[in-house]
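Below is the file input-v1.csv, which contains CSV, C-alpha atoms.
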chain,number,residue,atom,x,y,z
A,3,MET,CA,13.9,-47.0,-0.5
A,4,GLN,CA,12.0,-45.5,-3.5
A,5,LYS,CA,9.6,-43.7,-1.2
A,6,LYS,CA,12.5,-42.1,0.8
A,7,LEU,CA,14.1,-40.8,-2.5
A,8,ILE,CA,10.7,-39.3,-3.5
A,9,ALA,CA,10.4,-37.7,-0.1
A,10,LEU,CA,13.9,-36.2,-0.3
A,11,ALA,CA,13.2,-34.9,-3.8
A,12,VAL,CA,10.0,-33.1,-2.6
A,13,ALA,CA,11.8,-31.6,0.4
A,14,GLY,CA,14.5,-30.3,-1.9
A,15,LEU,CA,12.0,-28.6,-4.1
A,16,VAL,CA,10.2,-27.0,-1.2
A,17,SER,CA,13.5,-25.7,0.3
A,18,ALA,CA,14.9,-24.5,-3.1
A,19,PRO,CA,15.0,-20.7,-3.8
A,20,VAL,CA,11.7,-19.4,-5.2
A,21,MET,CA,12.1,-17.3,-8.4
A,22,ALA,CA,10.6,-13.8,-8.4
A,23,GLN,CA,6.9,-13.7,-9.3
A,24,SER,CA,4.5,-11.0,-10.1
A,25,ASN,CA,2.4,-9.6,-7.2
A,26,VAL,CA,-1.0,-9.1,-8.7
A,27,THR,CA,-3.7,-6.9,-7.1
A,28,VAL,CA,-7.4,-6.9,-8.1
A,29,TYR,CA,-9.0,-3.5,-7.5
A,30,GLY,CA,-11.9,-1.4,-8.5
A,31,ILE,CA,-14.7,1.1,-7.8
A,32,VAL,CA,-18.4,0.7,-7.7
A,33,ASP,CA,-20.3,4.0,-7.8
A,34,ALA,CA,-24.0,4.8,-8.4
A,35,TYR,CA,-26.4,7.6,-7.8
A,36,VAL,CA,-30.0,8.7,-8.2
A,37,GLY,CA,-30.2,11.8,-10.3
A,38,TYR,CA,-32.7,14.3,-11.6
A,39,GLY,CA,-32.0,16.7,-14.5
A,40,LYS,CA,-33.8,19.4,-16.4
A,41,GLN,CA,-32.7,21.3,-19.5
A,42,GLY,CA,-35.3,23.1,-21.5
A,43,ASP,CA,-38.2,20.7,-22.1
A,44,ASN,CA,-36.1,17.7,-21.3
A,45,LYS,CA,-36.5,16.2,-17.9
A,46,LYS,CA,-34.9,13.0,-16.7
A,47,LEU,CA,-34.9,10.8,-13.6
A,48,VAL,CA,-32.0,8.2,-13.6
A,49,VAL,CA,-30.0,5.7,-11.7
A,50,ASN,CA,-26.6,6.1,-13.2
A,51,GLY,CA,-23.1,4.7,-12.4
A,52,GLY,CA,-20.0,6.8,-11.9
A,53,GLY,CA,-21.1,10.0,-10.1
A,54,LEU,CA,-18.1,10.6,-7.8
A,55,SER,CA,-15.8,8.3,-9.7
A,56,GLY,CA,-16.2,6.1,-12.8
A,57,SER,CA,-16.9,2.5,-11.9
A,58,ARG,CA,-14.1,0.2,-12.9
A,59,LEU,CA,-12.4,-3.2,-12.5
A,60,GLY,CA,-8.6,-3.4,-12.7
A,61,PHE,CA,-5.7,-5.7,-12.3
A,62,LYS,CA,-2.2,-4.4,-11.6
A,63,GLY,CA,1.1,-6.1,-10.7
A,64,THR,CA,4.8,-5.8,-10.2
A,65,GLU,CA,7.8,-8.1,-10.5
A,66,ASP,CA,11.1,-7.3,-8.9
A,67,LEU,CA,13.8,-7.7,-11.5
A,68,GLY,CA,16.7,-6.8,-9.2
A,69,ASN,CA,19.0,-3.8,-9.0
A,70,GLY,CA,16.1,-1.5,-8.3
A,71,LEU,CA,14.3,-2.4,-11.5
A,72,LYS,CA,10.7,-3.6,-11.6
A,73,ALA,CA,8.3,-4.8,-14.3
A,74,VAL,CA,4.8,-3.3,-13.9
A,75,PHE,CA,1.5,-3.7,-15.7
A,76,THR,CA,-2.1,-2.4,-15.4
A,77,LEU,CA,-5.3,-3.6,-17.0
A,78,GLU,CA,-8.3,-1.5,-16.1
A,79,TYR,CA,-11.8,-1.5,-17.6
A,80,SER,CA,-14.8,0.7,-17.1
A,81,LEU,CA,-18.1,-0.8,-15.8
A,82,ASN,CA,-21.7,0.4,-16.4
A,83,ASN,CA,-23.0,-1.0,-13.1
A,84,ASP,CA,-26.5,0.6,-13.5
A,85,VAL,CA,-27.5,-1.6,-16.5
A,86,ASN,CA,-27.1,-5.2,-17.7
A,87,GLU,CA,-23.5,-4.6,-18.9
A,88,GLY,CA,-20.2,-5.6,-17.6
A,89,VAL,CA,-16.6,-6.2,-18.6
A,90,GLY,CA,-16.5,-7.8,-22.1
A,91,THR,CA,-20.0,-6.6,-23.1
A,92,GLY,CA,-19.9,-4.3,-26.1
A,93,GLY,CA,-16.1,-4.1,-26.0
A,94,LEU,CA,-13.8,-3.9,-23.1
A,95,ARG,CA,-13.9,-0.1,-22.9
A,96,ALA,CA,-10.3,0.0,-21.6
A,97,ARG,CA,-9.5,2.9,-19.4
A,98,GLN,CA,-5.9,2.0,-19.4
A,99,GLN,CA,-3.8,-1.1,-20.3
A,100,PHE,CA,-0.1,-1.0,-20.4
A,101,VAL,CA,3.2,-2.8,-19.5
A,102,GLY,CA,6.4,-1.0,-18.5
A,103,LEU,CA,9.5,-0.7,-16.3
A,104,GLN,CA,10.0,1.2,-13.1
A,105,GLY,CA,13.4,2.2,-11.8
A,106,GLY,CA,15.8,5.0,-11.0
A,107,PHE,CA,14.9,6.6,-14.3
A,108,GLY,CA,11.3,6.8,-13.3
A,109,PHE,CA,8.6,4.9,-15.3
A,110,ILE,CA,8.3,4.1,-19.0
A,111,GLY,CA,5.3,2.2,-20.3
A,112,LEU,CA,3.7,1.1,-23.6
A,113,GLY,CA,0.0,0.8,-24.3
A,114,ARG,CA,-3.2,2.8,-23.6
A,115,GLN,CA,-2.3,5.3,-20.8
A,116,TYR,CA,-3.3,8.5,-19.1
A,117,SER,CA,-2.0,11.8,-20.6
A,118,PRO,CA,-1.0,14.7,-18.3
A,119,GLY,CA,-4.3,16.3,-19.1
A,120,PHE,CA,-6.2,13.8,-17.1
A,121,GLY,CA,-4.5,15.2,-14.0
A,122,VAL,CA,-6.5,18.5,-14.2
A,123,TYR,CA,-8.7,17.1,-11.4
A,124,LYS,CA,-5.9,18.0,-9.0
A,125,TYR,CA,-6.7,21.7,-9.5
A,126,ASP,CA,-10.5,21.2,-9.4
A,127,SER,CA,-12.4,21.4,-6.1
A,128,SER,CA,-15.1,19.3,-7.8
A,129,MET,CA,-12.4,16.6,-8.3
A,130,GLY,CA,-13.1,16.0,-12.0
A,131,THR,CA,-16.5,14.5,-11.2
A,132,GLY,CA,-19.4,14.5,-13.7
A,133,TRP,CA,-20.8,17.6,-12.1
A,134,SER,CA,-17.5,19.5,-12.3
A,135,PRO,CA,-17.9,22.6,-14.4
A,136,GLN,CA,-14.4,22.2,-15.8
A,137,SER,CA,-15.2,18.5,-16.7
A,138,ILE,CA,-18.5,19.6,-18.4
A,139,PHE,CA,-16.9,22.4,-20.5
A,140,SER,CA,-13.7,20.5,-21.4
A,141,SER,CA,-15.3,17.2,-22.4
A,142,GLN,CA,-18.3,18.8,-24.3
A,143,SER,CA,-16.1,21.3,-26.2
A,144,GLY,CA,-13.6,18.7,-27.4
A,145,SER,CA,-10.7,19.4,-25.2
A,146,THR,CA,-8.2,16.6,-24.3
A,147,ILE,CA,-7.2,18.4,-21.1
A,148,THR,CA,-10.1,16.9,-19.3
A,149,PRO,CA,-10.6,14.2,-16.6
A,150,ASN,CA,-12.4,12.1,-19.1
A,151,SER,CA,-11.8,9.6,-21.9
A,152,PRO,CA,-10.2,12.0,-24.4
A,153,ALA,CA,-7.2,12.3,-22.0
A,154,ARG,CA,-6.4,8.6,-22.4
A,155,VAL,CA,-4.0,7.9,-25.2
A,156,SER,CA,-3.8,4.7,-27.2
A,157,ASN,CA,-0.7,3.3,-28.8
A,158,SER,CA,1.4,5.5,-26.5
A,159,ILE,CA,4.9,5.7,-25.1
A,160,ASN,CA,4.8,7.3,-21.6
A,161,TRP,CA,7.6,8.4,-19.3
A,162,LYS,CA,7.1,9.7,-15.8
A,163,SER,CA,9.9,10.9,-13.6
A,164,ASN,CA,10.3,9.9,-10.0
A,165,ASN,CA,9.3,12.5,-7.4
A,166,MET,CA,12.1,15.1,-7.0
A,167,GLY,CA,11.3,17.0,-3.9
A,168,GLY,CA,7.6,17.5,-4.9
A,169,LEU,CA,8.4,18.0,-8.6
A,170,THR,CA,7.3,15.4,-11.2
A,171,VAL,CA,7.4,15.4,-15.0
A,172,ASN,CA,5.2,13.4,-17.3
A,173,ALA,CA,5.6,13.1,-21.1
A,174,ILE,CA,3.6,11.0,-23.5
A,175,TYR,CA,3.5,10.3,-27.2
A,176,GLY,CA,0.6,8.5,-28.9
A,177,LEU,CA,0.9,7.2,-32.4
A,178,GLY,CA,-1.9,7.7,-34.9
A,179,GLU,CA,-0.5,4.7,-36.8
A,180,LYS,CA,-1.2,6.1,-40.3
A,181,ASN,CA,0.6,4.8,-43.4
A,182,GLU,CA,3.6,6.8,-44.5
A,183,VAL,CA,2.1,7.1,-48.0
A,184,ASP,CA,-0.9,9.0,-46.6
A,185,GLU,CA,0.2,11.1,-43.6
A,186,ARG,CA,2.1,9.2,-41.0
A,187,ARG,CA,1.9,11.8,-38.3
A,188,GLU,CA,-1.9,12.3,-38.6
A,189,GLY,CA,-3.5,11.5,-35.3
A,190,ASP,CA,-0.3,11.6,-33.3
A,191,PHE,CA,-0.7,12.9,-29.8
A,192,ALA,CA,2.1,14.6,-27.8
A,193,ALA,CA,1.9,16.0,-24.3
A,194,VAL,CA,4.0,17.0,-21.4
A,195,GLY,CA,3.0,18.0,-17.8
A,196,VAL,CA,5.1,19.5,-15.0
A,197,ASP,CA,3.6,19.3,-11.5
A,198,TYR,CA,4.9,20.6,-8.2
A,199,ASP,CA,3.1,19.3,-5.1
A,200,ASN,CA,4.8,20.0,-1.7
A,201,GLY,CA,3.1,20.9,1.5
A,202,PRO,CA,0.1,23.2,1.1
A,203,LEU,CA,1.1,24.2,-2.5
A,204,ASN,CA,0.3,22.4,-5.7
A,205,VAL,CA,0.9,24.0,-9.1
A,206,GLY,CA,1.3,22.6,-12.6
A,207,VAL,CA,1.5,23.2,-16.3
A,208,ILE,CA,0.1,20.9,-19.0
A,209,ILE,CA,0.6,21.1,-22.8
A,210,HIS,CA,-1.1,19.0,-25.4
A,211,HIS,CA,-0.6,18.9,-29.2
A,212,ILE,CA,-2.7,16.7,-31.6
A,213,ASN,CA,-1.7,16.4,-35.2
A,214,ASN,CA,-4.7,16.6,-37.5
A,215,GLY,CA,-2.9,15.9,-40.7
A,216,ALA,CA,-4.1,18.2,-43.5
A,217,ALA,CA,-6.5,20.0,-41.1
A,218,ASP,CA,-5.5,22.5,-38.4
A,219,ASN,CA,-3.6,21.0,-35.5
A,220,LYS,CA,-5.2,21.1,-32.0
A,221,LYS,CA,-3.0,23.0,-29.5
A,222,GLU,CA,-4.0,23.1,-25.8
A,223,TRP,CA,-2.4,24.2,-22.6
A,224,LEU,CA,-3.4,24.7,-18.9
A,225,LEU,CA,-2.1,26.4,-15.8
A,226,GLY,CA,-3.5,25.1,-12.6
A,227,GLY,CA,-2.9,25.3,-8.9
A,228,GLY,CA,-4.1,25.0,-5.4
A,229,TYR,CA,-3.3,26.1,-1.8
A,230,ASP,CA,-4.4,24.5,1.4
A,231,PHE,CA,-5.0,27.0,4.1
A,232,GLY,CA,-6.2,24.4,6.5
A,233,ALA,CA,-9.7,25.7,7.1
A,234,VAL,CA,-10.2,25.9,3.3
A,235,LYS,CA,-8.4,24.8,0.2
A,236,LEU,CA,-8.5,27.1,-2.9
A,237,LEU,CA,-8.1,25.6,-6.4
A,238,GLY,CA,-8.3,26.8,-9.9
A,239,SER,CA,-7.2,26.6,-13.5
A,240,TYR,CA,-7.0,28.4,-16.8
A,241,GLN,CA,-6.8,26.6,-20.1
A,242,GLN,CA,-6.9,27.3,-23.8
A,243,LYS,CA,-7.8,25.1,-26.8
A,244,LYS,CA,-6.7,26.5,-30.2
A,245,ILE,CA,-7.7,25.0,-33.6
A,246,GLY,CA,-6.9,27.2,-36.6
A,247,GLY,CA,-8.1,30.7,-35.8
A,248,LEU,CA,-10.4,29.8,-32.9
A,249,ASN,CA,-9.0,29.9,-29.4
A,250,ASP,CA,-11.6,28.8,-26.7
A,251,LYS,CA,-10.9,29.3,-23.0
A,252,ILE,CA,-12.1,27.7,-19.7
A,253,ILE,CA,-11.6,29.5,-16.4
A,254,GLN,CA,-12.6,27.8,-13.2
A,255,ILE,CA,-12.1,28.4,-9.5
A,256,GLY,CA,-13.3,26.6,-6.4
A,257,VAL,CA,-13.0,25.8,-2.7
A,258,ASN,CA,-12.9,22.6,-0.7
A,259,VAL,CA,-14.0,23.1,2.9
A,260,PRO,CA,-13.5,20.3,5.5
A,261,VAL,CA,-16.4,19.6,7.8
A,262,GLY,CA,-15.0,17.7,10.8
A,263,THR,CA,-12.7,14.8,10.0
A,264,THR,CA,-15.0,12.8,7.6
A,265,SER,CA,-16.9,15.3,5.5
A,266,ALA,CA,-16.3,18.2,3.1
A,267,VAL,CA,-18.2,20.8,1.0
A,268,GLN,CA,-17.0,21.6,-2.5
A,269,ALA,CA,-18.1,24.6,-4.5
A,270,ASN,CA,-16.9,25.6,-8.0
A,271,ILE,CA,-17.7,28.2,-10.7
A,272,ALA,CA,-16.4,28.3,-14.3
A,273,LYS,CA,-16.8,30.2,-17.5
A,274,PHE,CA,-16.5,28.9,-21.1
A,275,ASP,CA,-15.2,31.8,-23.2
A,276,ALA,CA,-15.8,31.0,-26.8
A,277,ASP,CA,-13.6,32.7,-29.4
A,278,ALA,CA,-16.6,32.4,-31.8
A,279,GLY,CA,-18.4,35.2,-29.9
A,280,SER,CA,-20.2,35.9,-26.6
A,281,ASP,CA,-23.3,34.2,-27.9
A,282,PHE,CA,-21.4,30.9,-27.5
A,283,ASP,CA,-20.2,31.5,-24.0
A,284,ALA,CA,-21.5,29.6,-20.9
A,285,ASN,CA,-21.2,29.8,-17.2
A,286,ALA,CA,-21.5,26.9,-14.7
A,287,PHE,CA,-21.8,26.4,-10.9
A,288,SER,CA,-21.6,23.3,-8.8
A,289,VAL,CA,-21.8,22.5,-5.1
A,290,SER,CA,-21.3,19.1,-3.5
A,291,TYR,CA,-21.1,17.3,-0.2
A,292,THR,CA,-19.0,14.2,0.5
A,293,HIS,CA,-19.1,12.1,3.7
A,294,SER,CA,-16.7,9.2,4.4
A,295,LEU,CA,-18.7,6.3,5.9
A,296,SER,CA,-15.4,4.4,6.1
A,297,LYS,CA,-12.0,4.4,4.5
A,298,ARG,CA,-13.5,2.7,1.4
A,299,THR,CA,-17.1,4.0,1.3
A,300,THR,CA,-18.2,7.6,0.6
A,301,ALA,CA,-21.7,9.0,0.4
A,302,TYR,CA,-22.2,12.2,-1.7
A,303,ALA,CA,-24.8,14.7,-3.0
A,304,ALA,CA,-24.2,17.3,-5.8
A,305,TYR,CA,-26.0,20.0,-7.7
A,306,THR,CA,-24.9,21.7,-10.9
A,307,LEU,CA,-26.2,24.6,-13.0
A,308,VAL,CA,-25.1,25.3,-16.6
A,309,ASP,CA,-26.2,28.7,-17.9
A,310,ASN,CA,-25.8,28.7,-21.7
A,311,LYS,CA,-25.8,31.9,-23.8
A,312,ASP,CA,-28.0,32.0,-26.9
A,313,GLY,CA,-25.6,29.9,-29.1
A,314,ALA,CA,-24.2,27.6,-26.4
A,315,ASN,CA,-25.5,24.1,-25.7
A,316,PHE,CA,-23.7,22.5,-22.7
A,317,SER,CA,-25.6,20.0,-20.6
A,318,SER,CA,-25.6,19.2,-16.9
A,319,PHE,CA,-24.4,15.8,-15.7
A,320,VAL,CA,-27.9,14.3,-15.7
A,321,ALA,CA,-30.1,16.1,-18.3
A,322,SER,CA,-29.9,15.7,-22.0
A,323,LYS,CA,-29.2,18.6,-24.3
A,324,ASP,CA,-32.2,20.5,-25.7
A,325,ALA,CA,-32.2,23.7,-27.7
A,326,ALA,CA,-29.1,26.0,-27.5
A,327,GLY,CA,-29.4,28.7,-24.9
A,328,ASP,CA,-31.3,26.6,-22.4
A,329,LYS,CA,-30.2,26.3,-18.8
A,330,GLY,CA,-29.2,22.9,-17.5
A,331,HIS,CA,-29.8,21.6,-13.9
A,332,GLY,CA,-28.6,18.4,-12.4
A,333,LEU,CA,-29.0,16.9,-8.9
A,334,GLY,CA,-27.6,13.6,-7.7
A,335,VAL,CA,-27.3,11.6,-4.5
A,336,GLY,CA,-25.1,8.5,-4.4
A,337,ILE,CA,-22.5,6.2,-2.9
A,338,ARG,CA,-19.1,5.0,-3.9
A,339,HIS,CA,-17.2,2.0,-2.7
A,340,VAL,CA,-13.5,1.4,-3.4
A,341,PHE,CA,-11.9,-2.0,-3.2

The structure given in the file should be rewritten as structure tokens.
Amino acid sequence: MQKKLIALAVAGLVSAPVMAQSNVTVYGIVDAYVGYGKQGDNKKLVVNGGGLSGSRLGFKGTEDLGNGLKAVFTLEYSLNNDVNEGVGTGGLRARQQFVGLQGGFGFIGLGRQYSPGFGVYKYDSSMGTGWSPQSIFSSQSGSTITPNSPARVSNSINWKSNNMGGLTVNAIYGLGEKNEVDERREGDFAAVGVDYDNGPLNVGVIIHHINNGAADNKKEWLLGGGYDFGAVKLLGSYQQKKIGGLNDKIIQIGVNVPVGTTSAVQANIAKFDADAGSDFDANAFSVSYTHSLSKRTTAYAAYTLVDNKDGANFSSFVASKDAAGDKGHGLGVGIRHVF
């Protein structure tokens, strides 16, 4: 009799309604390339990670809360897969880690998150890669409108609208977390981005503002866009970074040309226009080729040239900086796998 009662109890548990649970996905990218770079007297041969995309390991999940509301989270960490270093070595190096809610109001999240400025890669034929002239100029000149770490915001509150016929809005505010007795707003990061992506046309505006306390605040903005003609896609952007009386500019334009159904050629030129004078200007050019070996695996090759004026010192994606005014060359061949 006791065995029958136990069997009935187990059957009841199995047939009982199951409470909502999080659906968790493990994802990532493993990317590596062989590269050669030269700048001035510096020459370098490397095997590096993260050519086409930064290598990473991530976990994301959702839970249906009912009435169209979902709880969401993402935990994503960078990997240096070319050396003896992984997640948890020398710090977690969080790319993004947040928790939030998704519903009819859009998305709202808390944590370390992407700012609108990270989305500049959408207007870049080089796709925000390490050899992208826009990426090189923006990251090395201290801009936060860049497809690199400065566009990620810690201690942030982030809101993204749902897609409204191709129009999306993204606003973020990151807290510097200073004491009120000092300067509470010092280090605060505010940004907004408006993007329209519908059919062959994509255009967007990005505005960033960083409070530097007693020092001059950093003010940045970008206008970018692209149009897909079918045989070729044209992309470009114009941005400014203003601190005090200095207003630096980056102008870039490029093309993406499909080759068959699995390959493409990308070419891009850019200019860094320094407000400090023409001696601090620089020009850059890149050309790359990508070939999809499968839906998840892509082979690529890229070359970049950075032409510094006498006072400028930007480097290519491979070589280290040498004296100001030297040209930088970088060449890489690699493979990326997405899982």

Which of these residues is nearest to A:Ser239, using only C-alpha atoms: A:Lys46, A:His293, A:His331, A:Lys124?
-> A:Lys124

Kindly give the distance, in Å, that separates atom CA of A:Asn181 and atom CA of A:Trp161, rounded to a single decimal.
->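 Straight-line distance from atom CA of A:Asn181 to atom CA of A:Trp161 works out to 25.4 Å.
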
Go through A:Tyr198, A:Phe191, A:Phe107, A:Tyr229 one by one, measure the shortest atom-to-atom distance of each to A:Asp126 using all atoms listed in the file, and give the residue with the smallest value.
->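 Comparing A:Tyr198, A:Phe191, A:Phe107, A:Tyr229 against A:Asp126, the winner is A:Tyr229.
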
Between A:Asn25, A:Thr264, A:Gln99, A:Asn172, which is the closest to A:Asp66 once you count only C-alpha atoms?
-> A:Asn25

For A:Val171: contacts at 8 Å, only C-alpha atoms, fewer than 3 positions along chain excluded, given as a short mmCIF file (atom, residue, chain, number, x, y, z; two decimals) with C-alpha atoms, in the coordinates of the input:
data_model
loop_
_atom_site.label_atom_id
_atom_site.label_comp_id
_atom_site.auth_asym_id
_atom_site.auth_seq_id
_atom_site.Cartn_x
_atom_site.Cartn_y
_atom_site.Cartn_z
CA LYS A 162 7.10 9.70 -15.80
CA SER A 163 9.90 10.90 -13.60
CA ASN A 164 10.30 9.90 -10.00
CA VAL A 194 4.00 17.00 -21.40
CA GLY A 195 3.00 18.00 -17.80
CA VAL A 196 5.10 19.50 -15.00
CA ASP A 197 3.60 19.30 -11.50
#

Name all residues at most 9 Å from A:Val308 (count all atoms listed in the file; drop same-chain ones fewer than 4 positions away) and give them as a VMD selection string.
-> chain A and resid 135 138 284 to 288 316 to 318 328 to 332

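The smallest atom-to-atom distance between A:Gly178 and any of A:Ile208, A:Ser143, A:Ile337, A:Asn214, using all atoms listed in the file, is found for A:Asn214.
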
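With all atoms listed in the file taken into account, the protein and nucleic acid residues at most 9 Å from stretch 276-280 of chain A (excluding it and anything under 4 positions from it in its own chain) are Gly247, Leu248, Asn249, Asp250, Lys251, Ile252, Ala284, Lys311, Asp312 and Gly313 of chain A.
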
Minimum-distance residue to A:Ser158, chosen among A:Glu182, A:Tyr35, A:Val101, A:Asn213 (using all atoms listed in the file) | A:Val101

List the neighbours of A:Leu203 out to 12 Å using all atoms listed in the file; skip same-chain residues closer than 5 positions along the sequence, and give me the result as a PyMOL selection string.
-> chain A and resi 124-125+168-169+197-198+226-232+235-237

Best match for closeness to A:Leu81 among A:Phe274, A:Val32, A:Tyr38, A:Ile209, counting only C-alpha atoms |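 Using only C-alpha atoms, A:Leu81 sits closest to A:Val32.
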
To one decimal in Å, tell me the separation between atom CA of A:Leu71 and atom CA of A:Leu103.
-> 7.0 Å

Excluding same-chain residues fewer than 4 positions from A:Gly262, what lies within 12 Å of it counting only C-alpha atoms, as a ChimeraX atom specification?
-> /A:232-233,266-267,292-294
